[in-house]
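One file, query_14.pdb, carrying PDB, C-alpha atoms:
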```pdb
ATOM      1  CA  MET A  23     -76.579 -15.099-102.710  1.00  0.00           C
ATOM      2  CA  GLU A  24     -76.012 -18.171-100.506  1.00  0.00           C
ATOM      3  CA  GLN A  25     -76.363 -20.494-103.495  1.00  0.00           C
ATOM      4  CA  GLU A  26     -74.072 -18.301-105.569  1.00  0.00           C
ATOM      5  CA  ARG A  27     -71.475 -18.266-102.790  1.00  0.00           C
ATOM      6  CA  GLN A  28     -71.740 -22.029-102.361  1.00  0.00           C
ATOM      7  CA  SER A  29     -71.102 -22.570-106.070  1.00  0.00           C
ATOM      8  CA  PHE A  30     -67.931 -20.494-105.859  1.00  0.00           C
ATOM      9  CA  GLU A  31     -66.805 -22.415-102.771  1.00  0.00           C
ATOM     10  CA  ASP A  32     -67.182 -25.588-104.800  1.00  0.00           C
ATOM     11  CA  GLU A  33     -64.589 -24.067-107.161  1.00  0.00           C
ATOM     12  CA  GLY A  34     -62.121 -23.533-104.320  1.00  0.00           C
ATOM     13  CA  ILE A  35     -63.121 -19.958-103.486  1.00  0.00           C
ATOM     14  CA  THR A  36     -63.885 -19.275 -99.822  1.00  0.00           C
ATOM     15  CA  THR A  37     -65.668 -16.262 -98.332  1.00  0.00           C
ATOM     16  CA  VAL A  38     -64.842 -14.869 -94.906  1.00  0.00           C
ATOM     17  CA  VAL A  39     -66.516 -11.724 -93.552  1.00  0.00           C
ATOM     18  CA  PRO A  40     -64.465 -10.449 -90.578  1.00  0.00           C
ATOM     19  CA  GLY A  41     -66.325  -9.769 -87.340  1.00  0.00           C
ATOM     20  CA  TYR A  42     -65.521  -6.055 -87.460  1.00  0.00           C
ATOM     21  CA  MET A  43     -67.038  -5.755 -90.958  1.00  0.00           C
ATOM     22  CA  LYS A  44     -70.252  -7.429 -89.736  1.00  0.00           C
ATOM     23  CA  GLU A  45     -70.244  -5.019 -86.788  1.00  0.00           C
ATOM     24  CA  ILE A  46     -69.902  -2.042 -89.131  1.00  0.00           C
ATOM     25  CA  LEU A  47     -72.916  -3.192 -91.179  1.00  0.00           C
ATOM     26  CA  ALA A  48     -74.995  -3.657 -88.017  1.00  0.00           C
ATOM     27  CA  GLU A  49     -73.855  -0.256 -86.742  1.00  0.00           C
ATOM     28  CA  VAL A  50     -74.931   1.441 -89.993  1.00  0.00           C
ATOM     29  CA  SER A  51     -78.472   0.121 -89.503  1.00  0.00           C
ATOM     30  CA  GLN A  52     -78.510   1.085 -85.805  1.00  0.00           C
ATOM     31  CA  LEU A  53     -77.311   4.633 -86.525  1.00  0.00           C
ATOM     32  CA  ALA A  54     -79.790   4.970 -89.382  1.00  0.00           C
ATOM     33  CA  ARG A  55     -82.624   4.059 -87.006  1.00  0.00           C
ATOM     34  CA  ARG A  56     -81.569   6.892 -84.683  1.00  0.00           C
ATOM     35  CA  SER A  57     -80.623   9.477 -87.319  1.00  0.00           C
ATOM     36  CA  PRO A  58     -82.703  12.693 -87.361  1.00  0.00           C
ATOM     37  CA  GLU A  59     -81.906  12.996 -91.086  1.00  0.00           C
ATOM     38  CA  ILE A  60     -83.753   9.752 -91.898  1.00  0.00           C
ATOM     39  CA  SER A  61     -87.522   9.441 -91.682  1.00  0.00           C
ATOM     40  CA  GLN A  62     -88.321   7.020 -88.874  1.00  0.00           C
ATOM     41  CA  ARG A  63     -91.937   6.764 -90.047  1.00  0.00           C
ATOM     42  CA  SER A  64     -90.853   4.613 -92.997  1.00  0.00           C
ATOM     43  CA  GLY A  65     -88.156   3.013 -90.839  1.00  0.00           C
ATOM     44  CA  VAL A  66     -85.017   1.043 -91.681  1.00  0.00           C
ATOM     45  CA  SER A  67     -85.875  -2.597 -92.320  1.00  0.00           C
ATOM     46  CA  VAL A  68     -83.796  -5.686 -91.594  1.00  0.00           C
ATOM     47  CA  ARG A  69     -83.787  -6.169 -95.360  1.00  0.00           C
ATOM     48  CA  VAL A  70     -81.411  -3.181 -95.632  1.00  0.00           C
ATOM     49  CA  THR A  71     -78.772  -4.964 -93.526  1.00  0.00           C
ATOM     50  CA  VAL A  72     -79.180  -8.197 -95.525  1.00  0.00           C
ATOM     51  CA  SER A  73     -78.925  -6.324 -98.824  1.00  0.00           C
ATOM     52  CA  ASN A  74     -75.841  -4.443 -97.594  1.00  0.00           C
ATOM     53  CA  TYR A  75     -74.176  -7.720 -96.573  1.00  0.00           C
ATOM     54  CA  GLU A  76     -74.853  -9.261 -99.980  1.00  0.00           C
ATOM     55  CA  ASN A  77     -73.572  -6.189-101.849  1.00  0.00           C
ATOM     56  CA  LEU A  78     -70.423  -6.039 -99.722  1.00  0.00           C
ATOM     57  CA  VAL A  79     -69.594  -9.703-100.336  1.00  0.00           C
ATOM     58  CA  SER A  80     -70.379  -9.321-104.038  1.00  0.00           C
ATOM     59  CA  ALA A  81     -67.914  -6.402-104.358  1.00  0.00           C
ATOM     60  CA  ALA A  82     -65.200  -8.449-102.625  1.00  0.00           C
ATOM     61  CA  LEU A  83     -65.939 -11.479-104.806  1.00  0.00           C
ATOM     62  CA  LYS A  84     -65.571  -9.453-108.011  1.00  0.00           C
ATOM     63  CA  ARG A  85     -62.147  -8.223-106.876  1.00  0.00           C
ATOM     64  CA  ALA A  86     -60.993 -11.721-105.937  1.00  0.00           C
ATOM     65  CA  LEU A  87     -62.018 -13.083-109.346  1.00  0.00           C
ATOM     66  CA  ARG A  88     -60.298 -10.190-111.170  1.00  0.00           C
ATOM     67  CA  ASN A  89     -57.094 -10.710-109.184  1.00  0.00           C
ATOM     68  CA  GLY A  90     -57.162 -14.501-109.392  1.00  0.00           C
ATOM     69  CA  GLU A  91     -57.482 -14.878-105.602  1.00  0.00           C
ATOM     70  CA  THR A  92     -59.307 -17.756-103.941  1.00  0.00           C
ATOM     71  CA  SER A  93     -60.077 -16.003-100.636  1.00  0.00           C
ATOM     72  CA  VAL A  94     -62.887 -13.426-100.583  1.00  0.00           C
ATOM     73  CA  VAL A  95     -62.683 -10.956 -97.683  1.00  0.00           C
ATOM     74  CA  PRO A  96     -64.584  -7.629 -97.800  1.00  0.00           C
ATOM     75  CA  ARG A  97     -62.577  -4.466 -97.111  1.00  0.00           C
ATOM     76  CA  ILE A  98     -63.386  -0.925 -96.004  1.00  0.00           C
ATOM     77  CA  SER A  99     -62.852   0.188 -99.625  1.00  0.00           C
ATOM     78  CA  ASP A 100     -65.766  -2.111-100.604  1.00  0.00           C
ATOM     79  CA  LEU A 101     -68.206  -0.125 -98.428  1.00  0.00           C
ATOM     80  CA  PRO A 102     -69.360   2.206-101.251  1.00  0.00           C
ATOM     81  CA  ALA A 103     -71.388  -0.863-102.324  1.00  0.00           C
ATOM     82  CA  VAL A 104     -73.323  -0.456 -99.064  1.00  0.00           C
ATOM     83  CA  VAL A 105     -74.061   3.193 -99.836  1.00  0.00           C
ATOM     84  CA  ALA A 106     -75.567   2.097-103.150  1.00  0.00           C
ATOM     85  CA  SER A 107     -77.714  -0.660-101.625  1.00  0.00           C
ATOM     86  CA  THR A 108     -78.999   1.552 -98.782  1.00  0.00           C
ATOM     87  CA  ALA A 109     -79.945   4.488-101.025  1.00  0.00           C
ATOM     88  CA  GLY A 110     -83.524   4.105-102.192  1.00  0.00           C
ATOM     89  CA  LYS A 111     -84.446   1.952 -99.179  1.00  0.00           C
ATOM     90  CA  ILE A 112     -84.592   4.889 -96.756  1.00  0.00           C
ATOM     91  CA  GLU A 113     -86.456   8.169 -96.801  1.00  0.00           C
ATOM     92  CA  LEU A 114     -84.833  11.464 -95.839  1.00  0.00           C
ATOM     93  CA  GLU A 115     -86.623  13.882 -93.516  1.00  0.00           C
ATOM     94  CA  SER A 116     -85.837  16.858 -95.753  1.00  0.00           C
ATOM     95  CA  VAL A 117     -85.591  16.542 -99.519  1.00  0.00           C
ATOM     96  CA  GLY A 118     -83.134  18.574-101.569  1.00  0.00           C
ATOM     97  CA  GLU A 119     -80.770  19.862 -98.866  1.00  0.00           C
ATOM     98  CA  ILE A 120     -78.478  16.846 -98.870  1.00  0.00           C
ATOM     99  CA  SER A 121     -78.308  13.695-100.980  1.00  0.00           C
ATOM    100  CA  GLU A 122     -79.175  10.220 -99.717  1.00  0.00           C
ATOM    101  CA  GLU A 123     -75.682   9.062-100.655  1.00  0.00           C
ATOM    102  CA  ARG A 124     -74.059  11.774 -98.525  1.00  0.00           C
ATOM    103  CA  VAL A 125     -76.216  10.927 -95.499  1.00  0.00           C
ATOM    104  CA  ILE A 126     -75.426   7.213 -95.835  1.00  0.00           C
ATOM    105  CA  ASP A 127     -71.719   7.875 -96.411  1.00  0.00           C
ATOM    106  CA  ARG A 128     -71.595   9.809 -93.134  1.00  0.00           C
ATOM    107  CA  LEU A 129     -73.378   6.948 -91.345  1.00  0.00           C
ATOM    108  CA  VAL A 130     -70.838   4.476 -92.751  1.00  0.00           C
ATOM    109  CA  GLN A 131     -67.899   6.619 -91.594  1.00  0.00           C
ATOM    110  CA  ARG A 132     -69.416   7.015 -88.130  1.00  0.00           C
ATOM    111  CA  SER A 133     -69.959   3.243 -87.966  1.00  0.00           C
ATOM    112  CA  ILE A 134     -66.315   2.521 -88.872  1.00  0.00           C
ATOM    113  CA  LEU A 135     -65.168   4.991 -86.204  1.00  0.00           C
ATOM    114  CA  ASN A 136     -67.430   3.502 -83.508  1.00  0.00           C
ATOM    115  CA  VAL A 137     -66.380  -0.092 -84.224  1.00  0.00           C
ATOM    116  CA  PHE A 138     -62.693   0.866 -84.440  1.00  0.00           C
ATOM    117  CA  ASN A 139     -62.822   2.703 -81.107  1.00  0.00           C
ATOM    118  CA  ARG A 140     -64.529  -0.281 -79.466  1.00  0.00           C
ATOM    119  CA  THR A 141     -61.801  -2.565 -80.836  1.00  0.00           C
ATOM    120  CA  PHE A 142     -58.663  -0.504 -80.256  1.00  0.00           C
ATOM    121  CA  SER A 143     -57.221   2.167 -78.001  1.00  0.00           C
ATOM    122  CA  LEU A 144     -55.238   4.860 -79.832  1.00  0.00           C
ATOM    123  CA  VAL A 145     -52.230   4.373 -77.523  1.00  0.00           C
ATOM    124  CA  GLU A 146     -51.776   0.963 -79.181  1.00  0.00           C
ATOM    125  CA  PHE A 147     -50.658   2.765 -82.342  1.00  0.00           C
ATOM    126  CA  ASP A 148     -47.756   4.845 -81.022  1.00  0.00           C
ATOM    127  CA  ALA A 149     -45.135   2.850 -82.984  1.00  0.00           C
ATOM    128  CA  LEU A 150     -47.230   2.749 -86.149  1.00  0.00           C
ATOM    129  CA  LEU A 151     -47.992   6.488 -86.071  1.00  0.00           C
ATOM    130  CA  ALA A 152     -44.321   7.237 -85.394  1.00  0.00           C
ATOM    131  CA  ALA A 153     -43.458   5.353 -88.599  1.00  0.00           C
ATOM    132  CA  PHE A 154     -45.885   7.548 -90.563  1.00  0.00           C
ATOM    133  CA  GLN A 155     -44.367  10.637 -88.925  1.00  0.00           C
ATOM    134  CA  ARG A 156     -41.022   9.453 -90.279  1.00  0.00           C
ATOM    135  CA  GLY A 157     -42.439   9.416 -93.796  1.00  0.00           C
ATOM    136  CA  ALA A 158     -44.168   6.037 -94.217  1.00  0.00           C
ATOM    137  CA  THR A 159     -47.152   5.964 -96.596  1.00  0.00           C
ATOM    138  CA  MET A 160     -49.676   3.289 -97.559  1.00  0.00           C
ATOM    139  CA  HIS A 161     -51.865   2.960-100.626  1.00  0.00           C
ATOM    140  CA  VAL A 162     -55.291   1.310-100.613  1.00  0.00           C
ATOM    141  CA  SER A 163     -57.686   0.499-103.422  1.00  0.00           C
ATOM    142  CA  PRO A 164     -60.675  -1.827-103.856  1.00  0.00           C
ATOM    143  CA  SER A 165     -58.798  -3.384-106.809  1.00  0.00           C
ATOM    144  CA  LEU A 166     -55.356  -3.740-105.188  1.00  0.00           C
ATOM    145  CA  PRO A 167     -54.228  -7.407-104.840  1.00  0.00           C
ATOM    146  CA  SER A 168     -54.092  -8.664-101.262  1.00  0.00           C
ATOM    147  CA  GLN A 169     -50.397  -9.517-101.510  1.00  0.00           C
ATOM    148  CA  GLU A 170     -49.596  -5.827-102.078  1.00  0.00           C
ATOM    149  CA  TYR A 171     -51.059  -5.014 -98.656  1.00  0.00           C
ATOM    150  CA  VAL A 172     -48.956  -7.718 -97.033  1.00  0.00           C
ATOM    151  CA  LYS A 173     -45.797  -6.249 -98.606  1.00  0.00           C
ATOM    152  CA  GLN A 174     -46.662  -2.713 -97.510  1.00  0.00           C
ATOM    153  CA  ALA A 175     -47.791  -3.692 -94.012  1.00  0.00           C
ATOM    154  CA  LEU A 176     -44.654  -5.670 -93.180  1.00  0.00           C
ATOM    155  CA  GLN A 177     -42.581  -2.519 -93.695  1.00  0.00           C
ATOM    156  CA  ILE A 178     -44.474  -0.496 -91.076  1.00  0.00           C
ATOM    157  CA  PRO A 179     -43.690  -1.133 -87.379  1.00  0.00           C
ATOM    158  CA  GLY A 180     -46.807  -1.779 -85.306  1.00  0.00           C
ATOM    159  CA  MET A 181     -49.042  -2.821 -88.193  1.00  0.00           C
ATOM    160  CA  LYS A 182     -48.414  -6.541 -87.734  1.00  0.00           C
ATOM    161  CA  GLY A 183     -49.562  -6.416 -84.103  1.00  0.00           C
ATOM    162  CA  ALA A 184     -52.727  -4.482 -84.951  1.00  0.00           C
ATOM    163  CA  VAL A 185     -53.595  -6.873 -87.775  1.00  0.00           C
ATOM    164  CA  GLY A 186     -52.901  -9.831 -85.477  1.00  0.00           C
ATOM    165  CA  LYS A 187     -55.312  -8.449 -82.872  1.00  0.00           C
ATOM    166  CA  LEU A 188     -58.022  -8.635 -85.552  1.00  0.00           C
ATOM    167  CA  GLY A 189     -57.195 -12.303 -86.099  1.00  0.00           C
ATOM    168  CA  ALA A 190     -55.841 -11.693 -89.598  1.00  0.00           C
ATOM    169  CA  THR A 191     -52.764 -13.870 -89.893  1.00  0.00           C
ATOM    170  CA  GLY A 192     -51.681 -16.133 -92.740  1.00  0.00           C
ATOM    171  CA  ASN A 193     -54.451 -15.131 -95.148  1.00  0.00           C
ATOM    172  CA  PRO A 194     -53.374 -12.210 -97.410  1.00  0.00           C
ATOM    173  CA  ALA A 195     -57.003 -11.220 -98.137  1.00  0.00           C
ATOM    174  CA  ALA A 196     -57.801 -11.047 -94.411  1.00  0.00           C
ATOM    175  CA  ILE A 197     -54.599  -9.062 -93.790  1.00  0.00           C
ATOM    176  CA  ALA A 198     -55.558  -6.610 -96.563  1.00  0.00           C
ATOM    177  CA  ALA A 199     -58.985  -6.053 -94.992  1.00  0.00           C
ATOM    178  CA  ALA A 200     -57.492  -5.605 -91.509  1.00  0.00           C
ATOM    179  CA  VAL A 201     -54.902  -3.097 -92.778  1.00  0.00           C
ATOM    180  CA  GLU A 202     -57.647  -0.998 -94.391  1.00  0.00           C
ATOM    181  CA  PHE A 203     -59.705  -1.041 -91.172  1.00  0.00           C
ATOM    182  CA  VAL A 204     -56.697   0.121 -89.121  1.00  0.00           C
ATOM    183  CA  LEU A 205     -55.791   2.897 -91.568  1.00  0.00           C
ATOM    184  CA  GLU A 206     -59.358   4.164 -91.951  1.00  0.00           C
ATOM    185  CA  GLY A 207     -59.915   4.088 -88.187  1.00  0.00           C
ATOM    186  CA  LEU A 208     -56.783   6.152 -87.600  1.00  0.00           C
ATOM    187  CA  HIS A 209     -57.832   8.569 -90.340  1.00  0.00           C
ATOM    188  CA  LEU A 210     -61.314   9.020 -88.847  1.00  0.00           C
ATOM    189  CA  ASN A 211     -59.659   9.644 -85.467  1.00  0.00           C
ATOM    190  CA  ARG A 212     -57.653  12.410 -87.218  1.00  0.00           C
ATOM    191  CA  LYS A 213     -54.335  10.617 -86.710  1.00  0.00           C
ATOM    192  CA  LEU A 214     -53.596  10.078 -90.418  1.00  0.00           C
ATOM    193  CA  ASN A 215     -54.368  12.067 -93.546  1.00  0.00           C
ATOM    194  CA  LYS A 216     -56.108  10.371 -96.451  1.00  0.00           C
ATOM    195  CA  GLU A 217     -55.607  11.623 -99.999  1.00  0.00           C
ATOM    196  CA  ARG A 218     -58.289  10.250-102.303  1.00  0.00           C
ATOM    197  CA  GLY A 219     -57.244   9.615-105.889  1.00  0.00           C
ATOM    198  CA  GLU A 220     -59.254   8.355-108.820  1.00  0.00           C
ATOM    199  CA  LEU A 221     -58.070   4.765-108.483  1.00  0.00           C
ATOM    200  CA  ARG A 222     -56.534   4.617-105.017  1.00  0.00           C
ATOM    201  CA  SER A 223     -56.195   6.474-101.733  1.00  0.00           C
ATOM    202  CA  THR A 224     -52.957   7.250 -99.916  1.00  0.00           C
ATOM    203  CA  PHE A 225     -52.542   7.444 -96.145  1.00  0.00           C
ATOM    204  CA  ARG A 226     -49.760   9.592 -94.718  1.00  0.00           C
ATOM    205  CA  ALA A 227     -49.029  11.619 -91.581  1.00  0.00           C
TER
END
```
Serialized structure, structure tokens:
Amino acid sequence: MEQERQSFEDEGITTVVPGYMKEILAEVSQLARRSPEISQRSGVSVRVTVSNYENLVSAALKRALRNGETSVVPRISDLPAVVASTAGKIELESVGEISEERVIDRLVQRSILNVFNRTFSLVEFDALLAAFQRGATMHVSPSLPSQEYVKQALQIPGMKGAVGKLGATGNPAAIAAAVEFVLEGLHLNRKLNKERGELRSTFRA
């Protein structure tokens, strides 16, 4: 993966994995190691985290190439790639009651929530949540161009400050990733509703 990434960087494509996305991947592995639903006899190897990182970056790279973007930044909507790379590398305690994918998906959501709540306090979002209460909506999709996020985010009071706190300024791909993290964190804290569509999800109050 390193060689592949280097070859793309030689073509003017740069990859940046935000700190909070790295934290989420690490958190998934930590939670998996403590989960009663996952067999701890077979364990959760370091290889799982490495594989998840590679899959996440690969998903972001594919989007960047499709959209003609030169900056590759993984988003929350790329995390299904992690579910796929973790499944098959862990063993469930009970077979048949619940699927591997469902267990991993719950771990991913819990990881996003934990990292978000370590990064932000909900009182920081009073202005942003008020805008949603007034009817603001935002659409997210793993295929949506980064510039679309910038356009949407600029129209919502409070979003710029939250994105800035994550260090995402100037780079549309980084802003897109930060916006998704903020929206998903607020959704998991039950502050925003998320309507999942076939191609995109919509956040609203």
*Please check which residues have atoms at most 10 Å from (-58.4, 2.3, -90.1) in the file's coordinates, counting only C-alpha atoms, and write them as a ChimeraX atom specification.*
/A:98,134-135,138,199-211,213-214,225
*For Lys187 of chain A, which residue among A:Ser163, A:Ala109, A:Ser143, A:Arg85 is the nearest when counting all atoms listed in the file?*
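Going through A:Ser163, A:Ala109, A:Ser143, A:Arg85 one by one, the smallest distance to Lys187 of chain A is for A:Ser143.
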*asked:* I need the residue nearest Val38 of chain A from this list: A:Gly189, A:Pro167, A:Gly219, A:Pro179. Use only C-alpha atoms for the distance.
replied: A:Gly189
*Residue with smallest distance to Tyr171 of chain A - pool A:Arg69, A:Lys44, A:Arg226, A:Arg97, counting all atoms listed in the file*: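 For Tyr171 of chain A, the nearest of the candidates is A:Arg97.
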*With all atoms listed in the file as the basis for distance, which of A:Thr191, A:Thr92, A:Asn77, A:Thr159 is at the shortest distance from Gln177 of chain A?*
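Of A:Thr191, A:Thr92, A:Asn77, A:Thr159, the one nearest Gln177 of chain A, counting all atoms listed in the file, is A:Thr159.
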_Given the PyMOL selection byres ((chain A and resi 82) around 12), the residues it picks as a VMD selection string_ = chain A and resid 27 35 to 39 75 to 81 83 to 89 91 to 104 163 to 168 195 to 196 198 to 199
Keeping only C-alpha atoms, write those residues as a PDB file, in the coordinates of the input.
```
ATOM      1  CA  ARG A  27     -71.475 -18.266-102.790  1.00  0.00           C
ATOM      2  CA  ILE A  35     -63.121 -19.958-103.486  1.00  0.00           C
ATOM      3  CA  THR A  36     -63.885 -19.275 -99.822  1.00  0.00           C
ATOM      4  CA  THR A  37     -65.668 -16.262 -98.332  1.00  0.00           C
ATOM      5  CA  VAL A  38     -64.842 -14.869 -94.906  1.00  0.00           C
ATOM      6  CA  VAL A  39     -66.516 -11.724 -93.552  1.00  0.00           C
ATOM      7  CA  TYR A  75     -74.176  -7.720 -96.573  1.00  0.00           C
ATOM      8  CA  GLU A  76     -74.853  -9.261 -99.980  1.00  0.00           C
ATOM      9  CA  ASN A  77     -73.572  -6.189-101.849  1.00  0.00           C
ATOM     10  CA  LEU A  78     -70.423  -6.039 -99.722  1.00  0.00           C
ATOM     11  CA  VAL A  79     -69.594  -9.703-100.336  1.00  0.00           C
ATOM     12  CA  SER A  80     -70.379  -9.321-104.038  1.00  0.00           C
ATOM     13  CA  ALA A  81     -67.914  -6.402-104.358  1.00  0.00           C
ATOM     14  CA  LEU A  83     -65.939 -11.479-104.806  1.00  0.00           C
ATOM     15  CA  LYS A  84     -65.571  -9.453-108.011  1.00  0.00           C
ATOM     16  CA  ARG A  85     -62.147  -8.223-106.876  1.00  0.00           C
ATOM     17  CA  ALA A  86     -60.993 -11.721-105.937  1.00  0.00           C
ATOM     18  CA  LEU A  87     -62.018 -13.083-109.346  1.00  0.00           C
ATOM     19  CA  ARG A  88     -60.298 -10.190-111.170  1.00  0.00           C
ATOM     20  CA  ASN A  89     -57.094 -10.710-109.184  1.00  0.00           C
ATOM     21  CA  GLU A  91     -57.482 -14.878-105.602  1.00  0.00           C
ATOM     22  CA  THR A  92     -59.307 -17.756-103.941  1.00  0.00           C
ATOM     23  CA  SER A  93     -60.077 -16.003-100.636  1.00  0.00           C
ATOM     24  CA  VAL A  94     -62.887 -13.426-100.583  1.00  0.00           C
ATOM     25  CA  VAL A  95     -62.683 -10.956 -97.683  1.00  0.00           C
ATOM     26  CA  PRO A  96     -64.584  -7.629 -97.800  1.00  0.00           C
ATOM     27  CA  ARG A  97     -62.577  -4.466 -97.111  1.00  0.00           C
ATOM     28  CA  ILE A  98     -63.386  -0.925 -96.004  1.00  0.00           C
ATOM     29  CA  SER A  99     -62.852   0.188 -99.625  1.00  0.00           C
ATOM     30  CA  ASP A 100     -65.766  -2.111-100.604  1.00  0.00           C
ATOM     31  CA  LEU A 101     -68.206  -0.125 -98.428  1.00  0.00           C
ATOM     32  CA  PRO A 102     -69.360   2.206-101.251  1.00  0.00           C
ATOM     33  CA  ALA A 103     -71.388  -0.863-102.324  1.00  0.00           C
ATOM     34  CA  VAL A 104     -73.323  -0.456 -99.064  1.00  0.00           C
ATOM     35  CA  SER A 163     -57.686   0.499-103.422  1.00  0.00           C
ATOM     36  CA  PRO A 164     -60.675  -1.827-103.856  1.00  0.00           C
ATOM     37  CA  SER A 165     -58.798  -3.384-106.809  1.00  0.00           C
ATOM     38  CA  LEU A 166     -55.356  -3.740-105.188  1.00  0.00           C
ATOM     39  CA  PRO A 167     -54.228  -7.407-104.840  1.00  0.00           C
ATOM     40  CA  SER A 168     -54.092  -8.664-101.262  1.00  0.00           C
ATOM     41  CA  ALA A 195     -57.003 -11.220 -98.137  1.00  0.00           C
ATOM     42  CA  ALA A 196     -57.801 -11.047 -94.411  1.00  0.00           C
ATOM     43  CA  ALA A 198     -55.558  -6.610 -96.563  1.00  0.00           C
ATOM     44  CA  ALA A 199     -58.985  -6.053 -94.992  1.00  0.00           C
TER      45      ALA A 199
END
```
